[in-house]
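A.B. asks: Take a look at the following structure, please.
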Amino acid sequence: MKEETTTIRPFTAAAFNQYLAEHKLMTVKCSKCGGVYAPPRAICPKCHSEEMEWVEASGKSKLAGFTIIYSGPTFMVEQGFDKKNPYVSGIVELEEGTFISARITGLDMSKPAEIKVGTPLSADFVEFGEGEAKKTYLAFKAIH
């Protein structure tokens with residue numbers, strides 16, 4: 001059976017999530033102006049071209065901004081996060097020049113003042129659930 005190429009998938013959140021399940025961080029690139037975006041867009045917001053293509057990102061990135069979440073959504077509470085066990089959500093600048101929001105791992109939550117904008121990160125894929133309910137979430141891990 002022939003493996004699906006990256007150009008076959010539509011530029012949708014569902015396709016982006018399929019790539020995450022494969023542990024691939026995909027961006028879309030405009031063939032006309034070179035703009036790179038994540039999550040995907042079917043139309044380039046810069047030049048309005050529909051000539052988009054999937055491109056796998058390196059995962060190399062840095063923390064552009066962050067917040068510490070003490071009271072998160074239900075699926076994060078189900079993973080054990082709460083007031084006593086907070087997590088970091090951040091805006092990540094990818095090496096490819098675009099930004100994406102994601103959970104940030106590998107930080108010492110007992111020392112929140114030591115979390116710094118500019119911290120080098122790498123893409124990480126966090127899996128939660130089992131069987132049919134298993135889902136892969138994008139995260140970025142601090143590089144120490």
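Going through the structure tokens in order, the chains are called A, B, and so on, while each chain numbers its residues from 1 and the ligands are numbered from 1 in the order shown.
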Quick one: everything within 7 Å of range 51-64 of chain A, counting only C-alpha atoms, minus sequence neighbours fewer than 3 positions away in the same chain. Send it as a list in words.
C.D. replies: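 Contacts, in chain order: Thr6, Thr7, Lys24, Leu25, Met26, Thr27, Val28, Lys29, Cys30, Ser31, Lys32, Ala42, Gly90, Ile91, Val92, Glu93, Leu94, Glu95, Glu96, Val117, Gly118, Thr119, Pro120, Leu121, Ser122 and Ala123 of chain A.
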A.B. asks: Next, write the just-selected residues to a file, as a PDB file, in the first residue's frame, keeping N, CA and C atoms as the atom set.
C.D. replies:
ATOM      1  N   THR A   6       2.094  14.160   1.753  1.00  0.00           N
ATOM      2  CA  THR A   6       1.611  15.281   2.564  1.00  0.00           C
ATOM      3  C   THR A   6       0.739  16.238   1.760  1.00  0.00           C
ATOM      4  N   THR A   7       0.802  16.213   0.447  1.00  0.00           N
ATOM      5  CA  THR A   7       0.029  17.170  -0.345  1.00  0.00           C
ATOM      6  C   THR A   7      -1.425  16.754  -0.521  1.00  0.00           C
ATOM      7  N   LYS A  24       4.169  14.404  13.904  1.00  0.00           N
ATOM      8  CA  LYS A  24       4.720  15.344  12.932  1.00  0.00           C
ATOM      9  C   LYS A  24       4.113  16.719  13.198  1.00  0.00           C
ATOM     10  N   LEU A  25       4.977  17.726  13.299  1.00  0.00           N
ATOM     11  CA  LEU A  25       4.516  19.109  13.421  1.00  0.00           C
ATOM     12  C   LEU A  25       4.544  19.713  12.031  1.00  0.00           C
ATOM     13  N   MET A  26       3.379  19.924  11.474  1.00  0.00           N
ATOM     14  CA  MET A  26       3.274  20.428  10.108  1.00  0.00           C
ATOM     15  C   MET A  26       2.834  21.887  10.088  1.00  0.00           C
ATOM     16  N   THR A  27       3.447  22.634   9.179  1.00  0.00           N
ATOM     17  CA  THR A  27       3.035  24.005   8.901  1.00  0.00           C
ATOM     18  C   THR A  27       2.526  24.015   7.465  1.00  0.00           C
ATOM     19  N   VAL A  28       1.901  25.105   7.069  1.00  0.00           N
ATOM     20  CA  VAL A  28       1.571  25.287   5.661  1.00  0.00           C
ATOM     21  C   VAL A  28       2.364  26.483   5.162  1.00  0.00           C
ATOM     22  N   LYS A  29       2.813  26.369   3.926  1.00  0.00           N
ATOM     23  CA  LYS A  29       3.619  27.427   3.313  1.00  0.00           C
ATOM     24  C   LYS A  29       2.948  27.878   2.030  1.00  0.00           C
ATOM     25  N   CYS A  30       2.901  29.189   1.852  1.00  0.00           N
ATOM     26  CA  CYS A  30       2.333  29.763   0.637  1.00  0.00           C
ATOM     27  C   CYS A  30       3.381  29.667  -0.468  1.00  0.00           C
ATOM     28  N   SER A  31       3.025  29.025  -1.564  1.00  0.00           N
ATOM     29  CA  SER A  31       3.949  28.876  -2.690  1.00  0.00           C
ATOM     30  C   SER A  31       4.177  30.201  -3.410  1.00  0.00           C
ATOM     31  N   LYS A  32       3.275  31.146  -3.210  1.00  0.00           N
ATOM     32  CA  LYS A  32       3.369  32.431  -3.924  1.00  0.00           C
ATOM     33  C   LYS A  32       4.268  33.428  -3.189  1.00  0.00           C
ATOM     34  N   ALA A  42      -6.080  27.518   4.546  1.00  0.00           N
ATOM     35  CA  ALA A  42      -6.241  27.161   3.134  1.00  0.00           C
ATOM     36  C   ALA A  42      -5.926  28.336   2.223  1.00  0.00           C
ATOM     37  N   GLY A  90       1.895  28.378  26.394  1.00  0.00           N
ATOM     38  CA  GLY A  90       2.700  29.450  25.854  1.00  0.00           C
ATOM     39  C   GLY A  90       2.500  29.693  24.378  1.00  0.00           C
ATOM     40  N   ILE A  91       3.031  30.811  23.938  1.00  0.00           N
ATOM     41  CA  ILE A  91       3.128  31.134  22.523  1.00  0.00           C
ATOM     42  C   ILE A  91       4.561  30.788  22.137  1.00  0.00           C
ATOM     43  N   VAL A  92       4.692  29.977  21.106  1.00  0.00           N
ATOM     44  CA  VAL A  92       5.978  29.452  20.690  1.00  0.00           C
ATOM     45  C   VAL A  92       6.318  30.010  19.307  1.00  0.00           C
ATOM     46  N   GLU A  93       7.528  30.514  19.179  1.00  0.00           N
ATOM     47  CA  GLU A  93       8.008  30.976  17.876  1.00  0.00           C
ATOM     48  C   GLU A  93       8.822  29.850  17.248  1.00  0.00           C
ATOM     49  N   LEU A  94       8.308  29.306  16.150  1.00  0.00           N
ATOM     50  CA  LEU A  94       9.002  28.237  15.452  1.00  0.00           C
ATOM     51  C   LEU A  94      10.189  28.793  14.676  1.00  0.00           C
ATOM     52  N   GLU A  95      11.202  27.975  14.503  1.00  0.00           N
ATOM     53  CA  GLU A  95      12.383  28.350  13.718  1.00  0.00           C
ATOM     54  C   GLU A  95      11.985  28.819  12.313  1.00  0.00           C
ATOM     55  N   GLU A  96      10.873  28.285  11.806  1.00  0.00           N
ATOM     56  CA  GLU A  96      10.396  28.630  10.465  1.00  0.00           C
ATOM     57  C   GLU A  96       9.774  30.022  10.390  1.00  0.00           C
ATOM     58  N   VAL A 117      11.015  34.141  28.811  1.00  0.00           N
ATOM     59  CA  VAL A 117      10.789  34.306  27.384  1.00  0.00           C
ATOM     60  C   VAL A 117      12.143  34.115  26.706  1.00  0.00           C
ATOM     61  N   GLY A 118      12.149  33.423  25.587  1.00  0.00           N
ATOM     62  CA  GLY A 118      13.389  33.144  24.878  1.00  0.00           C
ATOM     63  C   GLY A 118      13.964  31.766  25.168  1.00  0.00           C
ATOM     64  N   THR A 119      13.378  31.047  26.137  1.00  0.00           N
ATOM     65  CA  THR A 119      13.845  29.701  26.461  1.00  0.00           C
ATOM     66  C   THR A 119      13.786  28.822  25.202  1.00  0.00           C
ATOM     67  N   PRO A 120      14.879  28.130  24.864  1.00  0.00           N
ATOM     68  CA  PRO A 120      14.842  27.226  23.707  1.00  0.00           C
ATOM     69  C   PRO A 120      13.917  26.045  23.972  1.00  0.00           C
ATOM     70  N   LEU A 121      13.176  25.646  22.933  1.00  0.00           N
ATOM     71  CA  LEU A 121      12.195  24.567  23.031  1.00  0.00           C
ATOM     72  C   LEU A 121      12.349  23.607  21.856  1.00  0.00           C
ATOM     73  N   SER A 122      11.803  22.421  22.034  1.00  0.00           N
ATOM     74  CA  SER A 122      11.681  21.470  20.922  1.00  0.00           C
ATOM     75  C   SER A 122      10.275  20.891  20.952  1.00  0.00           C
ATOM     76  N   ALA A 123       9.771  20.543  19.775  1.00  0.00           N
ATOM     77  CA  ALA A 123       8.420  19.985  19.684  1.00  0.00           C
ATOM     78  C   ALA A 123       8.342  18.689  20.466  1.00  0.00           C
TER      79      ALA A 123
END
A.B. asks: I want to know what sits within 10 Å of range 125-135 of chain A, based on only C-alpha atoms, with residues of the same chain fewer than 2 positions away left out; could you give that as a PDB file with C-alpha atoms, in the first residue's frame?
C.D. replies:
ATOM      1  CA  ASN A  17      -4.385  16.754  14.233  1.00  0.00           C
ATOM      2  CA  GLN A  18      -3.819  13.650  12.055  1.00  0.00           C
ATOM      3  CA  LEU A  20       0.143  15.290  15.361  1.00  0.00           C
ATOM      4  CA  ALA A  21      -1.034  11.706  15.901  1.00  0.00           C
ATOM      5  CA  GLU A  22       1.857  10.696  13.604  1.00  0.00           C
ATOM      6  CA  HIS A  23       4.205  12.843  15.736  1.00  0.00           C
ATOM      7  CA  LYS A  24       4.720  15.344  12.932  1.00  0.00           C
ATOM      8  CA  LEU A  25       4.516  19.109  13.421  1.00  0.00           C
ATOM      9  CA  PHE A  75      -9.326  17.473  29.832  1.00  0.00           C
ATOM     10  CA  MET A  76      -6.315  19.026  31.608  1.00  0.00           C
ATOM     11  CA  GLU A  78      -8.378  14.780  33.958  1.00  0.00           C
ATOM     12  CA  GLN A  79      -4.603  14.645  33.351  1.00  0.00           C
ATOM     13  CA  ARG A 103       1.500  23.465  26.380  1.00  0.00           C
ATOM     14  CA  THR A 105       6.737  20.968  29.402  1.00  0.00           C
ATOM     15  CA  ALA A 123       8.420  19.985  19.684  1.00  0.00           C
ATOM     16  CA  TYR A 137      -1.588  16.934  21.744  1.00  0.00           C
ATOM     17  CA  LEU A 138       1.138  19.301  20.627  1.00  0.00           C
ATOM     18  CA  ALA A 139       3.483  20.489  23.339  1.00  0.00           C
ATOM     19  CA  PHE A 140       6.961  21.979  23.437  1.00  0.00           C
ATOM     20  CA  LYS A 141       9.662  20.843  25.828  1.00  0.00           C
TER      21      LYS A 141
END
A.B. asks: Out of A:Val88, A:Ala13, A:Ala113, A:Cys33, which residue has the shortest atom-to-atom distance to Pro45 in chain A when counting only C-alpha atoms?
C.D. replies: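 Selected residue with least distance to Pro45 in chain A: A:Cys33.
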A.B. asks: DSSP on the backbone, then: every residue of range 53-140 of chain A marked helix (DSSP H, G or I), written as a list of chain:residue names.
C.D. replies: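 These are the residues in question: A:Thr74, A:Phe75, A:Met76, A:Val77, A:Pro112, A:Ala113, A:Glu114, A:Gly131, A:Glu132, A:Ala133.
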A.B. asks: Kindly save the residues from that selection, with C-alpha atoms included, as a short mmCIF file (atom, residue, chain, number, x, y, z; two decimals), in the first residue's frame.
C.D. replies:
data_model
loop_
_atom_site.label_atom_id
_atom_site.label_comp_id
_atom_site.auth_asym_id
_atom_site.auth_seq_id
_atom_site.Cartn_x
_atom_site.Cartn_y
_atom_site.Cartn_z
CA THR A 74 -11.69 19.52 32.01
CA PHE A 75 -9.33 17.47 29.83
CA MET A 76 -6.31 19.03 31.61
CA VAL A 77 -7.88 18.42 35.04
CA PRO A 112 7.85 30.10 38.15
CA ALA A 113 10.03 33.24 38.31
CA GLU A 114 12.76 31.27 36.50
CA GLY A 131 -7.66 2.91 22.55
CA GLU A 132 -10.16 4.79 20.41
CA ALA A 133 -10.15 7.70 22.88
#
A.B. asks: Given the choices A:Asp124, A:Phe81, A:Ile8, A:Lys46, which gets closest to Ile69 in chain A if the distance is worked out from only C-alpha atoms?
C.D. replies: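 Residue with the minimum atom-to-atom distance to Ile69 in chain A: A:Phe81.
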A.B. asks: Excluding Asp108 in chain A and any residue of its chain fewer than 6 positions from it, enumerate the residues within 10 Å of it, using only C-alpha atoms, and give them as number ranges by chain.
C.D. replies: A: 87, 114-115, 142
A.B. asks: Which residue is closest to Lys116 in chain A? Choose from A:Val36, A:Ala15, A:Ile104, A:Ile43 and count only C-alpha atoms.
C.D. replies: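 The shortest atom-to-atom distance to Lys116 in chain A comes from A:Ile104.
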A.B. asks: Report as a PyMOL selection string: the residues of chain A with a DSSP assignment of strand (DSSP E), based on the backbone of this structure.
C.D. replies: chain A and resi 26-30+36-37+52-56+61-69+87-94+99-105+120-128+135-142
A.B. asks: Which is closest to Glu50 in chain A among A:Gly72, A:Gly35, A:Lys84, A:Tyr19, if we use only C-alpha atoms?
C.D. replies: A:Gly35
A.B. asks: Kindly give the distance, in Å, that separates CA of Asn85 in chain A and CA of Thr67 in chain A, rounded to a single decimal.
C.D. replies: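 Distance reported for this atom pair: 14.0 Å.
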A.B. asks: Interatomic distance between CA of Thr98 in chain A and CA of Arg9 in chain A?
C.D. replies: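 Spanning CA of Thr98 in chain A to CA of Arg9 in chain A is a straight-line distance of 20.7 Å.
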